[in-house]
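What follows is the content of upload.cif (mmCIF, C-alpha atoms and all ligand atoms).
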```
data_entry
#
loop_
_atom_site.label_atom_id
_atom_site.label_comp_id
_atom_site.auth_asym_id
_atom_site.auth_seq_id
_atom_site.Cartn_x
_atom_site.Cartn_y
_atom_site.Cartn_z
CA MET A 1 20.87 -7.41 -5.32
CA GLY A 2 18.17 -5.00 -6.35
CA ARG A 3 15.61 -3.50 -4.05
CA THR A 4 12.23 -5.08 -3.40
CA ILE A 5 9.68 -2.47 -4.41
CA LEU A 6 6.09 -3.27 -3.61
CA ILE A 7 3.17 -1.10 -4.60
CA LEU A 8 0.03 -2.24 -2.81
CA LEU A 9 -3.37 -1.41 -4.22
CA GLY A 10 -6.42 -2.51 -2.34
CA HIS A 11 -10.18 -2.55 -2.50
CA PRO A 12 -11.81 -0.88 0.52
CA GLY A 13 -11.84 -3.46 3.30
CA ALA A 14 -9.47 -5.86 1.56
CA GLY A 15 -6.94 -5.49 4.37
CA LYS A 16 -4.23 -3.44 2.69
CA GLY A 17 -3.09 -1.88 5.97
CA THR A 18 -2.96 -5.25 7.71
CA GLN A 19 -1.06 -6.85 4.84
CA ALA A 20 1.40 -3.98 4.59
CA ARG A 21 2.24 -4.48 8.27
CA MET A 22 2.73 -8.25 7.85
CA ILE A 23 4.94 -7.81 4.77
CA MET A 24 6.97 -5.04 6.39
CA GLY A 25 7.80 -7.35 9.30
CA THR A 26 8.62 -10.33 7.11
CA LEU A 27 10.76 -8.57 4.50
CA ALA A 28 12.21 -5.97 6.91
CA ILE A 29 11.49 -3.10 4.54
CA PRO A 30 9.57 0.06 5.51
CA GLN A 31 6.11 1.03 4.40
CA ILE A 32 6.14 4.60 3.21
CA SER A 33 2.87 6.43 2.81
CA THR A 34 2.35 9.68 0.95
CA GLY A 35 0.82 11.37 4.00
CA ASP A 36 3.74 10.46 6.27
CA MET A 37 6.30 11.48 3.65
CA LEU A 38 4.64 14.83 3.16
CA ARG A 39 4.51 15.51 6.92
CA GLU A 40 8.16 14.51 7.35
CA ALA A 41 9.35 16.62 4.42
CA ILE A 42 7.51 19.63 5.82
CA ALA A 43 8.85 19.04 9.35
CA ASP A 44 12.42 18.59 8.01
CA LYS A 45 12.01 21.73 5.86
CA THR A 46 13.42 20.03 2.76
CA PRO A 47 13.14 22.12 -0.44
CA PHE A 48 10.17 20.03 -1.62
CA GLY A 49 8.68 20.14 1.89
CA CYS A 50 8.81 23.95 1.88
CA GLU A 51 7.17 24.06 -1.56
CA ALA A 52 4.45 21.69 -0.37
CA LYS A 53 3.80 23.79 2.73
CA ALA A 54 3.51 26.97 0.68
CA LYS A 55 0.92 25.29 -1.57
CA MET A 56 -1.05 23.90 1.36
CA ASP A 57 -0.99 27.24 3.20
CA ALA A 58 -2.38 28.85 0.06
CA GLY A 59 -5.13 26.22 -0.02
CA GLU A 60 -3.80 24.71 -3.24
CA LEU A 61 -3.19 21.10 -4.13
CA VAL A 62 0.34 19.79 -3.84
CA SER A 63 1.45 19.20 -7.43
CA ASP A 64 2.66 15.91 -8.89
CA ALA A 65 6.14 17.40 -9.26
CA ILE A 66 6.34 18.07 -5.52
CA VAL A 67 4.96 14.67 -4.55
CA ASN A 68 7.37 12.98 -6.97
CA GLY A 69 10.26 14.95 -5.48
CA ILE A 70 9.31 14.06 -1.92
CA VAL A 71 9.11 10.36 -2.80
CA ALA A 72 12.43 10.49 -4.66
CA ASP A 73 14.09 12.04 -1.58
CA ARG A 74 12.46 9.58 0.81
CA ILE A 75 13.53 6.44 -1.02
CA GLN A 76 17.15 7.59 -0.98
CA GLN A 77 17.18 7.19 2.79
CA GLU A 78 19.15 4.40 4.44
CA ASP A 79 16.13 2.36 5.57
CA CYS A 80 15.00 1.96 1.94
CA LYS A 81 18.25 0.47 0.67
CA ASN A 82 16.79 -3.06 0.48
CA GLY A 83 13.39 -1.91 -0.67
CA PHE A 84 10.12 -0.38 0.46
CA ILE A 85 6.37 -0.70 0.29
CA LEU A 86 4.54 2.25 -1.23
CA ASP A 87 1.13 3.20 0.09
CA GLY A 88 -0.90 5.86 -1.72
CA TYR A 89 1.75 6.46 -4.38
CA PRO A 90 1.76 6.49 -7.35
CA ARG A 91 -1.82 7.72 -7.42
CA THR A 92 -1.92 8.81 -11.05
CA VAL A 93 -0.44 7.52 -14.29
CA SER A 94 1.67 10.66 -14.49
CA GLN A 95 3.17 9.89 -11.05
CA ALA A 96 3.66 6.27 -12.11
CA GLU A 97 5.54 7.37 -15.23
CA THR A 98 7.87 9.56 -13.19
CA PHE A 99 8.33 6.88 -10.56
CA ARG A 100 9.41 4.47 -13.28
CA SER A 101 12.61 6.46 -13.69
CA GLN A 102 13.42 5.76 -10.02
CA ILE A 103 13.47 2.02 -10.60
CA GLY A 104 16.83 0.50 -11.46
CA ARG A 105 17.41 -2.54 -13.64
CA GLY A 106 18.13 -4.84 -10.72
CA ASP A 107 15.13 -3.65 -8.71
CA CYS A 108 12.20 -6.02 -8.33
CA LEU A 109 8.93 -4.21 -8.76
CA SER A 110 5.63 -5.88 -7.87
CA VAL A 111 2.32 -4.10 -8.06
CA ILE A 112 -0.21 -6.15 -6.15
CA GLU A 113 -3.87 -5.43 -5.92
CA ILE A 114 -5.68 -6.98 -2.97
CA GLY A 115 -9.15 -7.74 -4.23
CA ALA A 116 -12.31 -7.85 -2.17
CA ASP A 117 -15.95 -8.64 -2.71
CA SER A 118 -18.38 -5.95 -1.54
CA GLU A 119 -21.17 -8.48 -0.84
CA ARG A 120 -18.98 -10.66 1.34
CA LEU A 121 -17.56 -7.66 3.15
CA ARG A 122 -21.08 -6.72 4.08
CA LYS A 123 -21.90 -10.23 5.27
CA GLU A 124 -18.67 -10.63 7.22
CA LYS A 125 -18.92 -7.13 8.71
CA ARG A 126 -15.29 -6.52 7.88
CA LEU A 127 -15.66 -2.79 7.42
CA VAL A 128 -18.37 -1.94 9.92
CA GLY A 129 -16.50 -3.74 12.69
CA ARG A 130 -13.11 -2.26 11.99
CA LEU A 131 -11.21 -0.48 14.73
CA MET A 132 -7.86 1.17 14.24
CA CYS A 133 -5.19 2.24 16.69
CA PRO A 134 -4.16 5.87 16.11
CA GLY A 135 -0.96 5.16 18.04
CA CYS A 136 0.68 2.19 16.34
CA GLY A 137 -1.65 1.55 13.40
CA GLU A 138 -2.73 -1.94 14.51
CA ILE A 139 -6.09 -2.97 13.06
CA TYR A 140 -8.80 -4.80 15.00
CA ASN A 141 -12.31 -5.98 14.27
CA GLN A 142 -15.20 -6.07 16.73
CA TYR A 143 -16.36 -9.36 15.25
CA SER A 144 -13.23 -11.22 14.20
CA LYS A 145 -10.17 -9.69 15.89
CA VAL A 146 -11.35 -8.36 19.21
CA PRO A 147 -8.88 -6.41 21.38
CA LYS A 148 -8.20 -7.95 24.83
CA THR A 149 -9.63 -5.00 26.75
CA ASP A 150 -12.67 -3.37 25.23
CA THR A 151 -11.50 -0.61 22.88
CA ILE A 152 -7.87 -0.39 24.00
CA CYS A 153 -4.93 -1.33 21.76
CA ASP A 154 -3.23 -4.58 22.93
CA ILE A 155 0.13 -3.28 21.76
CA CYS A 156 0.40 0.35 22.79
CA GLY A 157 -2.60 0.98 25.06
CA LYS A 158 -4.14 3.81 23.04
CA SER A 159 -7.91 4.08 22.57
CA LEU A 160 -9.08 2.54 19.30
CA VAL A 161 -11.06 4.53 16.77
CA HIS A 162 -13.66 3.63 14.15
CA ARG A 163 -13.24 5.31 10.76
CA SER A 164 -16.30 7.35 9.91
CA ASP A 165 -16.42 6.03 6.33
CA ASP A 166 -16.34 2.38 7.46
CA ARG A 167 -20.10 2.21 7.10
CA GLU A 168 -22.11 -0.49 5.47
CA ASP A 169 -24.15 1.87 3.31
CA LEU A 170 -21.00 3.48 1.92
CA ILE A 171 -19.29 0.27 0.82
CA LEU A 172 -20.67 0.21 -2.73
CA GLU A 173 -19.90 3.88 -3.24
CA ARG A 174 -16.34 3.40 -1.98
CA PHE A 175 -15.88 0.42 -4.30
CA ARG A 176 -17.02 2.48 -7.27
CA THR A 177 -14.73 5.41 -6.46
CA TYR A 178 -11.86 3.02 -5.89
CA ARG A 179 -12.31 1.33 -9.28
CA GLU A 180 -12.53 4.65 -11.10
CA GLU A 181 -9.40 5.99 -9.45
CA THR A 182 -7.40 2.80 -9.70
CA PHE A 183 -8.26 1.55 -13.17
CA PRO A 184 -5.77 3.73 -15.11
CA LEU A 185 -2.96 2.64 -12.77
CA VAL A 186 -3.90 -1.01 -13.08
CA LYS A 187 -3.82 -0.66 -16.86
CA PHE A 188 -0.42 1.10 -16.73
CA TYR A 189 1.15 -1.66 -14.64
CA GLN A 190 -0.54 -4.43 -16.62
CA ASP A 191 1.12 -3.04 -19.74
CA LEU A 192 4.45 -3.08 -17.90
CA GLY A 193 3.88 -6.69 -16.87
CA ALA A 194 4.22 -5.79 -13.19
CA TYR A 195 0.59 -6.13 -12.12
CA HIS A 196 -0.65 -8.99 -9.95
CA GLN A 197 -3.80 -9.70 -8.02
CA VAL A 198 -4.47 -11.61 -4.82
CA ASP A 199 -7.76 -12.56 -3.20
CA GLY A 200 -8.15 -10.44 -0.08
CA MET A 201 -11.15 -12.44 1.07
CA LYS A 202 -8.95 -15.37 2.10
CA PRO A 203 -7.70 -15.59 5.69
CA ILE A 204 -5.06 -12.95 6.52
CA TYR A 205 -2.12 -15.37 6.65
CA GLU A 206 -2.99 -16.90 3.28
CA VAL A 207 -3.18 -13.47 1.66
CA THR A 208 0.23 -12.62 3.13
CA LYS A 209 1.61 -15.87 1.74
CA ASP A 210 0.17 -15.15 -1.72
CA ILE A 211 1.76 -11.68 -1.70
CA LEU A 212 5.13 -13.03 -0.57
CA ASP A 213 5.01 -15.75 -3.25
CA ILE A 214 4.59 -13.07 -5.92
CA VAL A 215 7.35 -10.88 -4.46
CA ASN A 216 9.68 -13.89 -4.30
CA SER A 217 8.96 -15.04 -7.84
CA VAL A 218 9.59 -11.52 -9.15
CA ALA A 219 12.87 -11.43 -7.20
CA ALA A 220 13.82 -14.84 -8.59
CA CYS A 221 13.50 -13.76 -12.20
CA HIS A 222 15.53 -10.60 -11.58
CA ASN A 223 18.21 -12.39 -9.57
CA PRO A 224 18.37 -15.98 -10.79
CA PRO A 225 20.70 -18.35 -8.95
CA GLU A 226 24.17 -18.44 -10.60
CA GLU A 227 23.83 -21.86 -12.27
CA LYS A 228 20.48 -21.03 -13.85
CA ARG A 229 21.64 -17.84 -15.46
CA VAL A 230 21.56 -18.06 -19.21
CA ARG A 231 25.00 -17.75 -20.77
CA LYS A 232 25.30 -15.17 -23.45
ZN ZN B 1 -1.60 0.63 19.24
#
```

Rewritten as structure tokens:
Amino acid sequence: MGRTILILLGHPGAGKGTQARMIMGTLAIPQISTGDMLREAIADKTPFGCEAKAKMDAGELVSDAIVNGIVADRIQQEDCKNGFILDGYPRTVSQAETFRSQIGRGDCLSVIEIGADSERLRKEKRLVGRLMCPGCGEIYNQYSKVPKTDTICDICGKSLVHRSDDREDLILERFRTYREETFPLVKFYQDLGAYHQVDGMKPIYEVTKDILDIVNSVAACHNPPEEKRVRK
């Protein structure tokens, strides 16, 4: 069986974080984010981690080669043996090209973009009402998913925070930046036949179901049941 590799792309406010958490639980694969990987590599003093730290200390950007190396190391770890969800990587076509060499023939790659509608987000106050837990990452909303006690996380008890860019007047700008940054990647994965889209404006559970349906259908064509396999 190959690994389930899921690359999630998401419009601002489409619920990428929420969906990643749902999928992680259901498929029992970890979500690995570039930021976390970088911090871990630096803390563990891996060769790539040391290179990254030197760059950051010098006020320089961490190069694609370093980021690629950190990801390659991370996905070799035991918890990724059945698959993983990537968050924030690949960010560029060059990273995507390198990452392609990490994918084996049996691996099932799905790139899923969670779409959102800026007008509806505004109406439904999805972004302005958003509260996040800095402890466990749980996501709440002042209008639709209210924590039990005021601004305290139901799960871990930490105080919830509001992201400073979750502002109504910044939504359009964030959508524009997102499209500009994401378009080349979308094109790259469309050409590979790995790109899919789901409607992030549906209720959370339906979006999760749509994502899982895609992941399962990709897995089914990579690993068809014995009797359906075409004889050569
Ligand atoms: Zn929490």

**Request:** Select, from A:Tyr205, A:Tyr89, A:Phe48, A:Tyr140, the residue with the minimum atom-to-atom distance to ligand ZN 1 (chain B), counting all atoms listed in the file.
**Result:**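 Comparing A:Tyr205, A:Tyr89, A:Phe48, A:Tyr140 against ligand ZN 1 (chain B), the winner is A:Tyr140.
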
**Message:** Between atom CA of Ile29 of chain A and atom CA of Asp87 of chain A, what distance in Å does the model show, to one decimal?
**Reply:** 12.9 Å

**Request:** Can you work out the spacing between atom CA of Lys148 of chain A and atom CA of Gly13 of chain A in Å, to one decimal?
**Result:** 22.3 Å

As a quick test: using all atoms listed in the file, which residues lie no more than 9 Å away from ligand ZN 1 (chain B)? Give them as a PDB file with C-alpha atoms, keeping the file's coordinate frame.
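Saved the output as selection-v7.pdb:
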```pdb
ATOM      1  CA  MET A 132      -7.860   1.170  14.240  1.00  0.00           C
ATOM      2  CA  CYS A 133      -5.190   2.240  16.690  1.00  0.00           C
ATOM      3  CA  PRO A 134      -4.160   5.870  16.110  1.00  0.00           C
ATOM      4  CA  GLY A 135      -0.960   5.160  18.040  1.00  0.00           C
ATOM      5  CA  CYS A 136       0.680   2.190  16.340  1.00  0.00           C
ATOM      6  CA  GLY A 137      -1.650   1.550  13.400  1.00  0.00           C
ATOM      7  CA  GLU A 138      -2.730  -1.940  14.510  1.00  0.00           C
ATOM      8  CA  ILE A 139      -6.090  -2.970  13.060  1.00  0.00           C
ATOM      9  CA  ILE A 152      -7.870  -0.390  24.000  1.00  0.00           C
ATOM     10  CA  CYS A 153      -4.930  -1.330  21.760  1.00  0.00           C
ATOM     11  CA  ASP A 154      -3.230  -4.580  22.930  1.00  0.00           C
ATOM     12  CA  ILE A 155       0.130  -3.280  21.760  1.00  0.00           C
ATOM     13  CA  CYS A 156       0.400   0.350  22.790  1.00  0.00           C
ATOM     14  CA  GLY A 157      -2.600   0.980  25.060  1.00  0.00           C
ATOM     15  CA  LYS A 158      -4.140   3.810  23.040  1.00  0.00           C
ATOM     16  CA  SER A 159      -7.910   4.080  22.570  1.00  0.00           C
ATOM     17  CA  LEU A 160      -9.080   2.540  19.300  1.00  0.00           C
TER      18      LEU A 160
END
```

**Spatial neighbours of segment 83-86 of chain A, 8 Å, all atoms listed in the file, chain gap at least 4 places, as a ChimeraX atom specification** = /A:3-8,20,24,29-33,75,90

**Request:** Skip Leu127 of chain A itself and residues of its chain fewer than 4 positions away, then list as a list in words all residues within 8 Å of it, counting only C-alpha atoms.
**Result:**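 Returned residues: Gly13, Leu121, Arg122, Asp166, Arg167 and Glu168 of chain A.
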
**Asked** atom CA of Leu109 of chain A and atom CA of His222 of chain A, how far apart in Å?
**Response**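 A separation of 9.6 Å between them.
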
**Message:** Need the shell around Val198 of chain A: protein/DNA/RNA residues with any atom at most 8 Å away, counting all atoms listed in the file. Skip same-chain ones fewer than 6 positions apart. Format as a PyMOL selection string?
**Reply:** chain A and resi 112-115+207+210-211

Output, as AutoDock Vina command-line options, the centre and edge lengths in Å (one decimal) of the axis-aligned box that contains all listed atoms of segment 133-149 of chain A with 3 Å of margin on each side.
```
--center_x -7.8 --center_y -2.7 --center_z 19.9 --size_x 23.0 --size_y 23.1 --size_z 19.7
```

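Nearest-residue note for Thr18 of chain A: choosing from A:Asn141, A:Ser94, A:Ser110, A:Gln76, the minimum distance belongs to A:Asn141, counting all atoms listed in the file.
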
**Complete:** Of A:Glu97, A:Gly49, A:Asp117, A:Val218, the one nearest to Gly2 of chain A when counting all atoms listed in the file is A:Val218

Fill-in result for segment 72-97 of chain A, N, CA and C atoms as a PDB file, in the frame of the given file:
```pdb
ATOM      1  N   ALA A  72      11.065  10.744  -4.206  1.00  0.00           N
ATOM      2  CA  ALA A  72      12.430  10.490  -4.660  1.00  0.00           C
ATOM      3  C   ALA A  72      13.432  10.717  -3.525  1.00  0.00           C
ATOM      4  N   ASP A  73      13.219  11.775  -2.733  1.00  0.00           N
ATOM      5  CA  ASP A  73      14.090  12.040  -1.580  1.00  0.00           C
ATOM      6  C   ASP A  73      13.967  10.933  -0.538  1.00  0.00           C
ATOM      7  N   ARG A  74      12.714  10.550  -0.268  1.00  0.00           N
ATOM      8  CA  ARG A  74      12.460   9.580   0.810  1.00  0.00           C
ATOM      9  C   ARG A  74      13.097   8.226   0.530  1.00  0.00           C
ATOM     10  N   ILE A  75      13.012   7.778  -0.733  1.00  0.00           N
ATOM     11  CA  ILE A  75      13.530   6.440  -1.020  1.00  0.00           C
ATOM     12  C   ILE A  75      15.052   6.388  -1.150  1.00  0.00           C
ATOM     13  N   GLN A  76      15.683   7.571  -1.040  1.00  0.00           N
ATOM     14  CA  GLN A  76      17.150   7.590  -0.980  1.00  0.00           C
ATOM     15  C   GLN A  76      17.653   7.304   0.426  1.00  0.00           C
ATOM     16  N   GLN A  77      16.742   7.351   1.405  1.00  0.00           N
ATOM     17  CA  GLN A  77      17.180   7.190   2.790  1.00  0.00           C
ATOM     18  C   GLN A  77      17.628   5.759   3.079  1.00  0.00           C
ATOM     19  N   GLU A  78      18.487   5.664   4.093  1.00  0.00           N
ATOM     20  CA  GLU A  78      19.150   4.400   4.440  1.00  0.00           C
ATOM     21  C   GLU A  78      18.170   3.229   4.626  1.00  0.00           C
ATOM     22  N   ASP A  79      17.033   3.480   5.276  1.00  0.00           N
ATOM     23  CA  ASP A  79      16.130   2.360   5.570  1.00  0.00           C
ATOM     24  C   ASP A  79      15.473   1.778   4.317  1.00  0.00           C
ATOM     25  N   CYS A  80      15.600   2.470   3.184  1.00  0.00           N
ATOM     26  CA  CYS A  80      15.000   1.960   1.940  1.00  0.00           C
ATOM     27  C   CYS A  80      16.010   1.240   1.053  1.00  0.00           C
ATOM     28  N   LYS A  81      17.219   1.006   1.576  1.00  0.00           N
ATOM     29  CA  LYS A  81      18.250   0.470   0.670  1.00  0.00           C
ATOM     30  C   LYS A  81      17.929  -0.944   0.177  1.00  0.00           C
ATOM     31  N   ASN A  82      17.175  -1.722   0.959  1.00  0.00           N
ATOM     32  CA  ASN A  82      16.790  -3.060   0.480  1.00  0.00           C
ATOM     33  C   ASN A  82      15.413  -3.084  -0.162  1.00  0.00           C
ATOM     34  N   GLY A  83      14.720  -1.970  -0.064  1.00  0.00           N
ATOM     35  CA  GLY A  83      13.390  -1.910  -0.670  1.00  0.00           C
ATOM     36  C   GLY A  83      12.404  -1.170   0.203  1.00  0.00           C
ATOM     37  N   PHE A  84      11.170  -1.105  -0.265  1.00  0.00           N
ATOM     38  CA  PHE A  84      10.120  -0.380   0.460  1.00  0.00           C
ATOM     39  C   PHE A  84       8.759  -0.749  -0.112  1.00  0.00           C
ATOM     40  N   ILE A  85       7.745  -0.494   0.723  1.00  0.00           N
ATOM     41  CA  ILE A  85       6.370  -0.700   0.290  1.00  0.00           C
ATOM     42  C   ILE A  85       5.740   0.683   0.137  1.00  0.00           C
ATOM     43  N   LEU A  86       5.161   0.944  -1.015  1.00  0.00           N
ATOM     44  CA  LEU A  86       4.540   2.250  -1.230  1.00  0.00           C
ATOM     45  C   LEU A  86       3.047   2.177  -0.967  1.00  0.00           C
ATOM     46  N   ASP A  87       2.549   3.147  -0.229  1.00  0.00           N
ATOM     47  CA  ASP A  87       1.130   3.200   0.090  1.00  0.00           C
ATOM     48  C   ASP A  87       0.592   4.571  -0.328  1.00  0.00           C
ATOM     49  N   GLY A  88      -0.316   4.578  -1.282  1.00  0.00           N
ATOM     50  CA  GLY A  88      -0.900   5.860  -1.720  1.00  0.00           C
ATOM     51  C   GLY A  88      -0.073   6.556  -2.790  1.00  0.00           C
ATOM     52  N   TYR A  89       0.928   5.900  -3.307  1.00  0.00           N
ATOM     53  CA  TYR A  89       1.750   6.460  -4.380  1.00  0.00           C
ATOM     54  C   TYR A  89       2.244   5.301  -5.222  1.00  0.00           C
ATOM     55  N   PRO A  90       2.323   5.422  -6.536  1.00  0.00           N
ATOM     56  CA  PRO A  90       1.760   6.490  -7.350  1.00  0.00           C
ATOM     57  C   PRO A  90       0.230   6.450  -7.341  1.00  0.00           C
ATOM     58  N   ARG A  91      -0.372   7.633  -7.410  1.00  0.00           N
ATOM     59  CA  ARG A  91      -1.820   7.720  -7.420  1.00  0.00           C
ATOM     60  C   ARG A  91      -2.359   7.948  -8.828  1.00  0.00           C
ATOM     61  N   THR A  92      -1.507   8.522  -9.672  1.00  0.00           N
ATOM     62  CA  THR A  92      -1.920   8.810 -11.050  1.00  0.00           C
ATOM     63  C   THR A  92      -0.919   8.190 -12.021  1.00  0.00           C
ATOM     64  N   VAL A  93      -1.337   8.066 -13.279  1.00  0.00           N
ATOM     65  CA  VAL A  93      -0.440   7.520 -14.290  1.00  0.00           C
ATOM     66  C   VAL A  93       0.772   8.430 -14.470  1.00  0.00           C
ATOM     67  N   SER A  94       0.548   9.732 -14.359  1.00  0.00           N
ATOM     68  CA  SER A  94       1.670  10.660 -14.490  1.00  0.00           C
ATOM     69  C   SER A  94       2.705  10.427 -13.380  1.00  0.00           C
ATOM     70  N   GLN A  95       2.240  10.208 -12.150  1.00  0.00           N
ATOM     71  CA  GLN A  95       3.170   9.890 -11.050  1.00  0.00           C
ATOM     72  C   GLN A  95       3.857   8.549 -11.327  1.00  0.00           C
ATOM     73  N   ALA A  96       3.097   7.589 -11.836  1.00  0.00           N
ATOM     74  CA  ALA A  96       3.660   6.270 -12.110  1.00  0.00           C
ATOM     75  C   ALA A  96       4.750   6.350 -13.172  1.00  0.00           C
ATOM     76  N   GLU A  97       4.538   7.209 -14.170  1.00  0.00           N
ATOM     77  CA  GLU A  97       5.540   7.370 -15.230  1.00  0.00           C
ATOM     78  C   GLU A  97       6.833   7.957 -14.663  1.00  0.00           C
TER      79      GLU A  97
END
```
